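Structure file model33.txt (compact mmCIF, N, CA and C atoms and all ligand atoms) is printed below.
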```txt
# COMPACT_ATOMS: atom_id res chain seq x y z
N MET A 1 -20.78 2.52 -12.06
CA MET A 1 -20.79 2.61 -10.60
C MET A 1 -21.04 4.05 -10.18
N SER A 2 -22.10 4.27 -9.42
CA SER A 2 -22.45 5.62 -9.08
C SER A 2 -21.87 6.08 -7.75
N HIS A 3 -22.20 5.34 -6.68
CA HIS A 3 -21.81 5.83 -5.37
C HIS A 3 -21.26 4.68 -4.53
N THR A 4 -20.04 4.83 -4.05
CA THR A 4 -19.43 3.82 -3.22
C THR A 4 -19.44 4.31 -1.78
N PRO A 5 -20.18 3.65 -0.89
CA PRO A 5 -20.24 4.13 0.49
C PRO A 5 -18.90 3.95 1.21
N GLU A 6 -18.70 4.79 2.21
CA GLU A 6 -17.47 4.81 3.00
C GLU A 6 -17.12 3.41 3.54
N SER A 7 -18.14 2.73 4.10
CA SER A 7 -17.88 1.44 4.73
C SER A 7 -17.34 0.44 3.72
N GLN A 8 -17.80 0.57 2.47
CA GLN A 8 -17.35 -0.34 1.43
C GLN A 8 -15.88 -0.08 1.09
N LEU A 9 -15.48 1.19 1.12
CA LEU A 9 -14.09 1.56 0.88
C LEU A 9 -13.19 1.04 1.98
N THR A 10 -13.66 1.14 3.23
CA THR A 10 -12.90 0.65 4.37
C THR A 10 -12.67 -0.85 4.23
N GLU A 11 -13.75 -1.55 3.90
CA GLU A 11 -13.65 -2.99 3.74
C GLU A 11 -12.70 -3.35 2.60
N ARG A 12 -12.79 -2.58 1.53
CA ARG A 12 -11.93 -2.81 0.37
C ARG A 12 -10.45 -2.65 0.75
N LEU A 13 -10.14 -1.62 1.53
CA LEU A 13 -8.76 -1.39 1.96
C LEU A 13 -8.27 -2.52 2.85
N HIS A 14 -9.12 -2.96 3.76
CA HIS A 14 -8.70 -4.03 4.67
C HIS A 14 -8.52 -5.35 3.93
N THR A 15 -9.37 -5.60 2.93
CA THR A 15 -9.20 -6.79 2.11
C THR A 15 -7.89 -6.72 1.34
N GLU A 16 -7.62 -5.55 0.78
CA GLU A 16 -6.37 -5.35 0.03
C GLU A 16 -5.17 -5.60 0.94
N ALA A 17 -5.23 -5.11 2.17
CA ALA A 17 -4.14 -5.31 3.13
C ALA A 17 -3.92 -6.80 3.37
N LYS A 18 -5.00 -7.53 3.58
CA LYS A 18 -4.89 -8.97 3.85
C LYS A 18 -4.29 -9.70 2.66
N VAL A 19 -4.72 -9.33 1.44
CA VAL A 19 -4.21 -9.97 0.23
C VAL A 19 -2.71 -9.73 0.10
N ARG A 20 -2.30 -8.46 0.30
CA ARG A 20 -0.88 -8.13 0.15
C ARG A 20 -0.04 -8.79 1.23
N GLN A 21 -0.56 -8.81 2.46
CA GLN A 21 0.18 -9.42 3.57
C GLN A 21 0.30 -10.93 3.34
N GLY A 22 -0.77 -11.54 2.84
CA GLY A 22 -0.75 -12.97 2.56
C GLY A 22 0.25 -13.32 1.47
N ALA A 23 0.29 -12.52 0.41
CA ALA A 23 1.21 -12.76 -0.70
C ALA A 23 2.66 -12.63 -0.22
N PHE A 24 2.89 -11.61 0.61
CA PHE A 24 4.23 -11.39 1.14
C PHE A 24 4.67 -12.57 1.99
N LEU A 25 3.80 -13.01 2.90
CA LEU A 25 4.14 -14.08 3.82
C LEU A 25 4.43 -15.38 3.07
N GLN A 26 3.66 -15.60 2.00
CA GLN A 26 3.85 -16.80 1.20
C GLN A 26 5.22 -16.76 0.50
N ALA A 27 5.55 -15.59 -0.05
CA ALA A 27 6.84 -15.44 -0.73
C ALA A 27 7.98 -15.59 0.27
N LEU A 28 7.81 -15.03 1.45
CA LEU A 28 8.84 -15.14 2.48
C LEU A 28 9.00 -16.59 2.94
N ALA A 29 7.89 -17.29 3.12
CA ALA A 29 7.93 -18.67 3.58
C ALA A 29 8.70 -19.55 2.60
N ALA A 30 8.60 -19.23 1.31
CA ALA A 30 9.31 -20.01 0.29
C ALA A 30 10.81 -19.82 0.40
N LEU A 31 11.24 -18.64 0.90
CA LEU A 31 12.66 -18.33 1.01
C LEU A 31 13.22 -18.71 2.38
N ASP A 32 12.45 -18.40 3.41
CA ASP A 32 12.93 -18.55 4.78
C ASP A 32 11.74 -18.85 5.69
N ALA A 33 11.42 -20.14 5.80
CA ALA A 33 10.22 -20.54 6.55
C ALA A 33 10.26 -20.14 8.03
N PRO A 34 11.41 -20.30 8.71
CA PRO A 34 11.43 -19.88 10.13
C PRO A 34 11.17 -18.39 10.31
N LEU A 35 11.70 -17.58 9.39
CA LEU A 35 11.47 -16.14 9.48
C LEU A 35 9.99 -15.82 9.25
N ALA A 36 9.37 -16.53 8.31
CA ALA A 36 7.94 -16.32 8.06
C ALA A 36 7.12 -16.62 9.31
N LEU A 37 7.52 -17.67 10.06
CA LEU A 37 6.83 -18.00 11.31
C LEU A 37 7.00 -16.88 12.33
N THR A 38 8.21 -16.34 12.40
CA THR A 38 8.47 -15.21 13.30
C THR A 38 7.56 -14.03 12.95
N PHE A 39 7.43 -13.78 11.64
CA PHE A 39 6.62 -12.65 11.19
C PHE A 39 5.14 -12.83 11.54
N GLU A 40 4.72 -14.09 11.54
CA GLU A 40 3.32 -14.33 11.91
C GLU A 40 3.04 -13.94 13.35
N GLN A 41 4.11 -13.94 14.18
CA GLN A 41 3.94 -13.61 15.61
C GLN A 41 3.91 -12.10 15.87
N ILE A 42 4.53 -11.33 14.98
CA ILE A 42 4.58 -9.88 15.20
C ILE A 42 3.51 -9.19 14.37
N GLY A 43 3.22 -7.96 14.68
CA GLY A 43 2.19 -7.23 13.96
C GLY A 43 2.60 -6.96 12.51
N ALA A 44 1.63 -7.03 11.60
CA ALA A 44 1.91 -6.83 10.18
C ALA A 44 2.45 -5.43 9.89
N ASP A 45 2.14 -4.49 10.77
CA ASP A 45 2.63 -3.13 10.53
C ASP A 45 4.13 -3.01 10.81
N GLU A 46 4.74 -4.07 11.39
CA GLU A 46 6.19 -4.04 11.63
C GLU A 46 6.97 -4.81 10.58
N TRP A 47 6.27 -5.42 9.64
CA TRP A 47 6.95 -6.27 8.67
C TRP A 47 7.86 -5.49 7.73
N ALA A 48 7.32 -4.43 7.15
CA ALA A 48 8.00 -3.77 6.04
C ALA A 48 9.38 -3.23 6.44
N ASP A 49 9.55 -2.82 7.70
CA ASP A 49 10.82 -2.24 8.13
C ASP A 49 11.69 -3.22 8.90
N HIS A 50 11.33 -4.49 8.88
CA HIS A 50 12.08 -5.47 9.65
C HIS A 50 13.48 -5.67 9.06
N PRO A 51 14.54 -5.55 9.89
CA PRO A 51 15.91 -5.63 9.36
C PRO A 51 16.25 -6.98 8.73
N ALA A 52 15.59 -8.07 9.15
CA ALA A 52 15.88 -9.39 8.59
C ALA A 52 15.58 -9.44 7.09
N LEU A 53 14.74 -8.53 6.61
CA LEU A 53 14.36 -8.55 5.19
C LEU A 53 15.47 -8.05 4.28
N LEU A 54 16.48 -7.40 4.87
CA LEU A 54 17.60 -6.92 4.05
C LEU A 54 18.30 -8.09 3.35
N ALA A 55 18.15 -9.29 3.92
CA ALA A 55 18.78 -10.47 3.34
C ALA A 55 18.04 -10.96 2.08
N TRP A 56 16.85 -10.42 1.84
CA TRP A 56 16.02 -10.92 0.73
C TRP A 56 15.59 -9.79 -0.21
N PRO A 57 16.54 -9.28 -1.01
CA PRO A 57 16.19 -8.17 -1.91
C PRO A 57 15.12 -8.55 -2.93
N GLN A 58 14.96 -9.85 -3.19
CA GLN A 58 13.95 -10.28 -4.16
C GLN A 58 12.53 -10.06 -3.65
N LEU A 59 12.40 -9.74 -2.37
CA LEU A 59 11.06 -9.46 -1.81
C LEU A 59 10.68 -7.98 -1.91
N GLN A 60 11.56 -7.19 -2.51
CA GLN A 60 11.38 -5.74 -2.53
C GLN A 60 10.00 -5.31 -3.05
N SER A 61 9.54 -5.94 -4.13
CA SER A 61 8.25 -5.51 -4.69
C SER A 61 7.10 -5.80 -3.72
N TYR A 62 7.21 -6.89 -2.96
CA TYR A 62 6.19 -7.19 -1.95
C TYR A 62 6.24 -6.16 -0.82
N ILE A 63 7.48 -5.78 -0.45
CA ILE A 63 7.66 -4.84 0.66
C ILE A 63 7.09 -3.47 0.29
N ILE A 64 7.31 -3.06 -0.96
CA ILE A 64 6.76 -1.78 -1.41
C ILE A 64 5.23 -1.81 -1.30
N LYS A 65 4.62 -2.92 -1.71
CA LYS A 65 3.16 -3.04 -1.62
C LYS A 65 2.68 -3.02 -0.18
N LEU A 66 3.46 -3.64 0.71
CA LEU A 66 3.11 -3.61 2.14
C LEU A 66 3.16 -2.19 2.66
N LYS A 67 4.19 -1.46 2.27
CA LYS A 67 4.35 -0.08 2.75
C LYS A 67 3.21 0.80 2.25
N GLN A 68 2.79 0.58 1.01
CA GLN A 68 1.68 1.37 0.46
C GLN A 68 0.41 1.14 1.27
N VAL A 69 0.15 -0.13 1.57
CA VAL A 69 -1.08 -0.45 2.28
C VAL A 69 -0.97 -0.01 3.75
N ASP A 70 0.24 -0.10 4.35
CA ASP A 70 0.46 0.41 5.71
C ASP A 70 0.14 1.90 5.76
N ALA A 71 0.64 2.64 4.77
CA ALA A 71 0.43 4.08 4.74
C ALA A 71 -1.05 4.41 4.64
N ALA A 72 -1.77 3.67 3.79
CA ALA A 72 -3.20 3.92 3.63
C ALA A 72 -3.96 3.61 4.92
N LEU A 73 -3.59 2.51 5.60
CA LEU A 73 -4.26 2.15 6.86
C LEU A 73 -4.00 3.22 7.93
N CYS A 74 -2.77 3.73 7.94
CA CYS A 74 -2.39 4.76 8.90
C CYS A 74 -3.18 6.04 8.62
N GLN A 75 -3.30 6.41 7.35
CA GLN A 75 -4.09 7.59 6.99
C GLN A 75 -5.53 7.43 7.40
N GLN A 76 -6.03 6.19 7.28
CA GLN A 76 -7.42 5.95 7.65
C GLN A 76 -7.63 6.18 9.15
N GLN A 77 -6.66 5.72 9.95
CA GLN A 77 -6.75 5.93 11.40
C GLN A 77 -6.73 7.41 11.75
N LEU A 78 -5.98 8.18 10.97
CA LEU A 78 -5.86 9.61 11.24
C LEU A 78 -7.01 10.42 10.63
N GLY A 79 -7.86 9.73 9.87
CA GLY A 79 -8.96 10.42 9.21
C GLY A 79 -8.53 11.16 7.96
N LEU A 80 -7.37 10.77 7.41
CA LEU A 80 -6.85 11.46 6.22
C LEU A 80 -6.95 10.58 4.98
N TYR A 81 -7.61 9.43 5.11
CA TYR A 81 -7.68 8.51 3.99
C TYR A 81 -8.50 9.10 2.85
N GLY A 82 -7.96 8.95 1.62
CA GLY A 82 -8.70 9.45 0.46
C GLY A 82 -8.38 10.89 0.12
N LEU A 83 -7.41 11.49 0.84
CA LEU A 83 -6.98 12.84 0.49
C LEU A 83 -5.69 12.76 -0.31
N CYS A 84 -5.60 13.59 -1.33
CA CYS A 84 -4.40 13.64 -2.17
C CYS A 84 -3.20 14.06 -1.32
N SER A 85 -2.08 13.32 -1.44
CA SER A 85 -0.90 13.62 -0.62
C SER A 85 -0.21 14.90 -1.08
N ASP A 86 -0.53 15.36 -2.28
CA ASP A 86 0.11 16.58 -2.79
C ASP A 86 -0.74 17.83 -2.53
N CYS A 87 -2.04 17.77 -2.88
CA CYS A 87 -2.86 18.99 -2.79
C CYS A 87 -4.02 18.85 -1.81
N GLU A 88 -4.16 17.68 -1.18
CA GLU A 88 -5.20 17.43 -0.19
C GLU A 88 -6.63 17.48 -0.73
N ALA A 89 -6.77 17.42 -2.04
CA ALA A 89 -8.11 17.30 -2.62
C ALA A 89 -8.63 15.89 -2.36
N ASP A 90 -9.95 15.72 -2.39
CA ASP A 90 -10.53 14.39 -2.24
C ASP A 90 -10.24 13.55 -3.48
N ILE A 91 -9.77 12.33 -3.27
CA ILE A 91 -9.64 11.37 -4.36
C ILE A 91 -11.01 10.72 -4.53
N SER A 92 -11.46 10.52 -5.75
CA SER A 92 -12.82 10.02 -5.94
C SER A 92 -12.94 8.59 -5.39
N ARG A 93 -14.12 8.27 -4.90
CA ARG A 93 -14.33 6.96 -4.29
C ARG A 93 -14.16 5.84 -5.30
N GLU A 94 -14.54 6.11 -6.54
CA GLU A 94 -14.37 5.09 -7.58
C GLU A 94 -12.88 4.76 -7.76
N GLN A 95 -12.06 5.82 -7.75
CA GLN A 95 -10.62 5.60 -7.92
C GLN A 95 -10.04 4.86 -6.71
N LEU A 96 -10.51 5.21 -5.53
CA LEU A 96 -10.03 4.52 -4.33
C LEU A 96 -10.46 3.06 -4.33
N TYR A 97 -11.64 2.82 -4.85
CA TYR A 97 -12.11 1.44 -4.87
C TYR A 97 -11.25 0.60 -5.80
N GLN A 98 -10.86 1.21 -6.93
CA GLN A 98 -10.00 0.50 -7.89
C GLN A 98 -8.61 0.29 -7.31
N ASP A 99 -8.08 1.30 -6.65
CA ASP A 99 -6.74 1.23 -6.08
C ASP A 99 -6.79 1.82 -4.67
N PRO A 100 -7.01 0.95 -3.66
CA PRO A 100 -7.21 1.44 -2.29
C PRO A 100 -5.98 2.15 -1.72
N CYS A 101 -4.82 1.98 -2.36
CA CYS A 101 -3.60 2.62 -1.84
C CYS A 101 -3.25 3.88 -2.61
N ARG A 102 -4.17 4.33 -3.43
CA ARG A 102 -3.91 5.51 -4.24
C ARG A 102 -3.62 6.73 -3.35
N GLN A 103 -2.59 7.50 -3.70
CA GLN A 103 -2.14 8.61 -2.85
C GLN A 103 -2.43 9.98 -3.47
N ARG A 104 -2.80 10.00 -4.76
CA ARG A 104 -2.93 11.31 -5.41
C ARG A 104 -4.23 11.42 -6.20
N CYS A 105 -4.77 12.64 -6.32
CA CYS A 105 -5.91 12.90 -7.19
C CYS A 105 -5.46 12.79 -8.64
N SER A 106 -6.41 12.78 -9.57
CA SER A 106 -6.07 12.57 -10.99
C SER A 106 -5.06 13.60 -11.46
N HIS A 107 -5.29 14.85 -11.06
CA HIS A 107 -4.44 15.95 -11.49
C HIS A 107 -2.99 15.74 -11.03
N CYS A 108 -2.80 15.50 -9.74
CA CYS A 108 -1.45 15.33 -9.19
C CYS A 108 -0.83 14.01 -9.64
N HIS A 109 -1.68 12.99 -9.85
CA HIS A 109 -1.19 11.71 -10.33
C HIS A 109 -0.51 11.88 -11.69
N ALA A 110 -1.18 12.62 -12.57
CA ALA A 110 -0.62 12.86 -13.90
C ALA A 110 0.68 13.66 -13.80
N LYS A 111 0.67 14.68 -12.94
CA LYS A 111 1.89 15.48 -12.75
C LYS A 111 3.03 14.63 -12.23
N HIS A 112 2.69 13.74 -11.28
CA HIS A 112 3.70 12.87 -10.67
C HIS A 112 4.31 11.95 -11.72
N LEU A 113 3.45 11.36 -12.57
CA LEU A 113 3.95 10.47 -13.62
C LEU A 113 4.87 11.22 -14.57
N ASN A 114 4.46 12.44 -14.93
CA ASN A 114 5.29 13.25 -15.81
C ASN A 114 6.66 13.53 -15.21
N SER A 115 6.68 13.86 -13.91
CA SER A 115 7.96 14.19 -13.29
C SER A 115 8.83 12.94 -13.18
N GLN A 116 8.19 11.77 -13.00
CA GLN A 116 8.96 10.53 -12.96
C GLN A 116 9.59 10.25 -14.33
N GLN A 117 8.79 10.45 -15.38
CA GLN A 117 9.31 10.22 -16.72
C GLN A 117 10.46 11.18 -17.02
N ALA A 118 10.29 12.42 -16.55
CA ALA A 118 11.35 13.42 -16.79
C ALA A 118 12.63 12.99 -16.10
N SER A 119 12.52 12.42 -14.88
CA SER A 119 13.75 12.04 -14.19
C SER A 119 14.37 10.78 -14.81
N TRP A 120 13.54 9.93 -15.41
CA TRP A 120 14.11 8.76 -16.09
C TRP A 120 14.85 9.17 -17.35
N ALA A 121 14.36 10.24 -17.97
CA ALA A 121 14.95 10.67 -19.24
C ALA A 121 16.36 11.23 -19.03
N LEU A 122 16.65 11.67 -17.82
CA LEU A 122 17.95 12.30 -17.56
C LEU A 122 19.11 11.30 -17.61
ZN ZN A 201 -3.87 16.45 -5.84
```

What would you get if you wrote out this structure as structure tokens?
Amino acid sequence: MSHTPESQLTERLHTEAKVRQGAFLQALAALDAPLALTFEQIGADEWADHPALLAWPQLQSYIIKLKQVDAALCQQQLGLYGLCSDCEADISREQLYQDPCRQRCSHCHAKHLNSQQASWAL
């Protein structure tokens, strides 16, 4: 893959958002169907912080994915999408295409993983 145009990245992020939101809603509907209906009425950007979700800790992994995609969509609105959250370098388009919610360039990503491993070792 040589060059991924901006519009394709935008579409990729929005598709990823829909997939994650759909998976979350399906998981929620299996646990609490009335709450899932309520969520369909409110904006998806309000889902992740909704207090009713405290009752369902098993949804945590879905909520983390929602928050990642929310953050990426918000960065896109601000024109900051694709910038490393640590050093503000451009993240390569190929990497963004693979993981639209990626927050760090290769360099900072590796550093971040190392620091996480270091804190687990303690
Ligand atoms: Zn960086």

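Pocket residues of ligand ZN 201 (chain A), taken as those with any atom at most 7 Å away using all atoms listed in the file, are Leu83, Cys84, Ser85, Asp86, Cys87, Glu88, Ala89, Arg104, Cys105, Ser106, His107, Cys108 and His109 of chain A.
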
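Here CA of Leu66 (chain A) and CA of Asn114 (chain A) stand 24.7 Å from one another.
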
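Rounded to one decimal, CA of Gln103 (chain A) and atom C of Ala72 (chain A) lie 9.4 Å from each other.
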
If we count only C-alpha atoms, what is near Leu13 (chain A) at a cut-off of 8 Å, once residues fewer than 2 positions away on the same chain are taken out, given as a PyMOL selection string? chain A and resi 9-11+15-17+69+72-73+100-101

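Pairwise distance (CA of Asp99 (chain A), CA of Leu78 (chain A)) equals 19.3 Å.
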
I want to know what sits within 12 Å of region 22-28 of chain A, based on only C-alpha atoms, with residues of the same chain fewer than 2 positions away left out; could you give that as a PyMOL selection string? chain A and resi 15-20+30-41+44+47-48+52-53+55-67
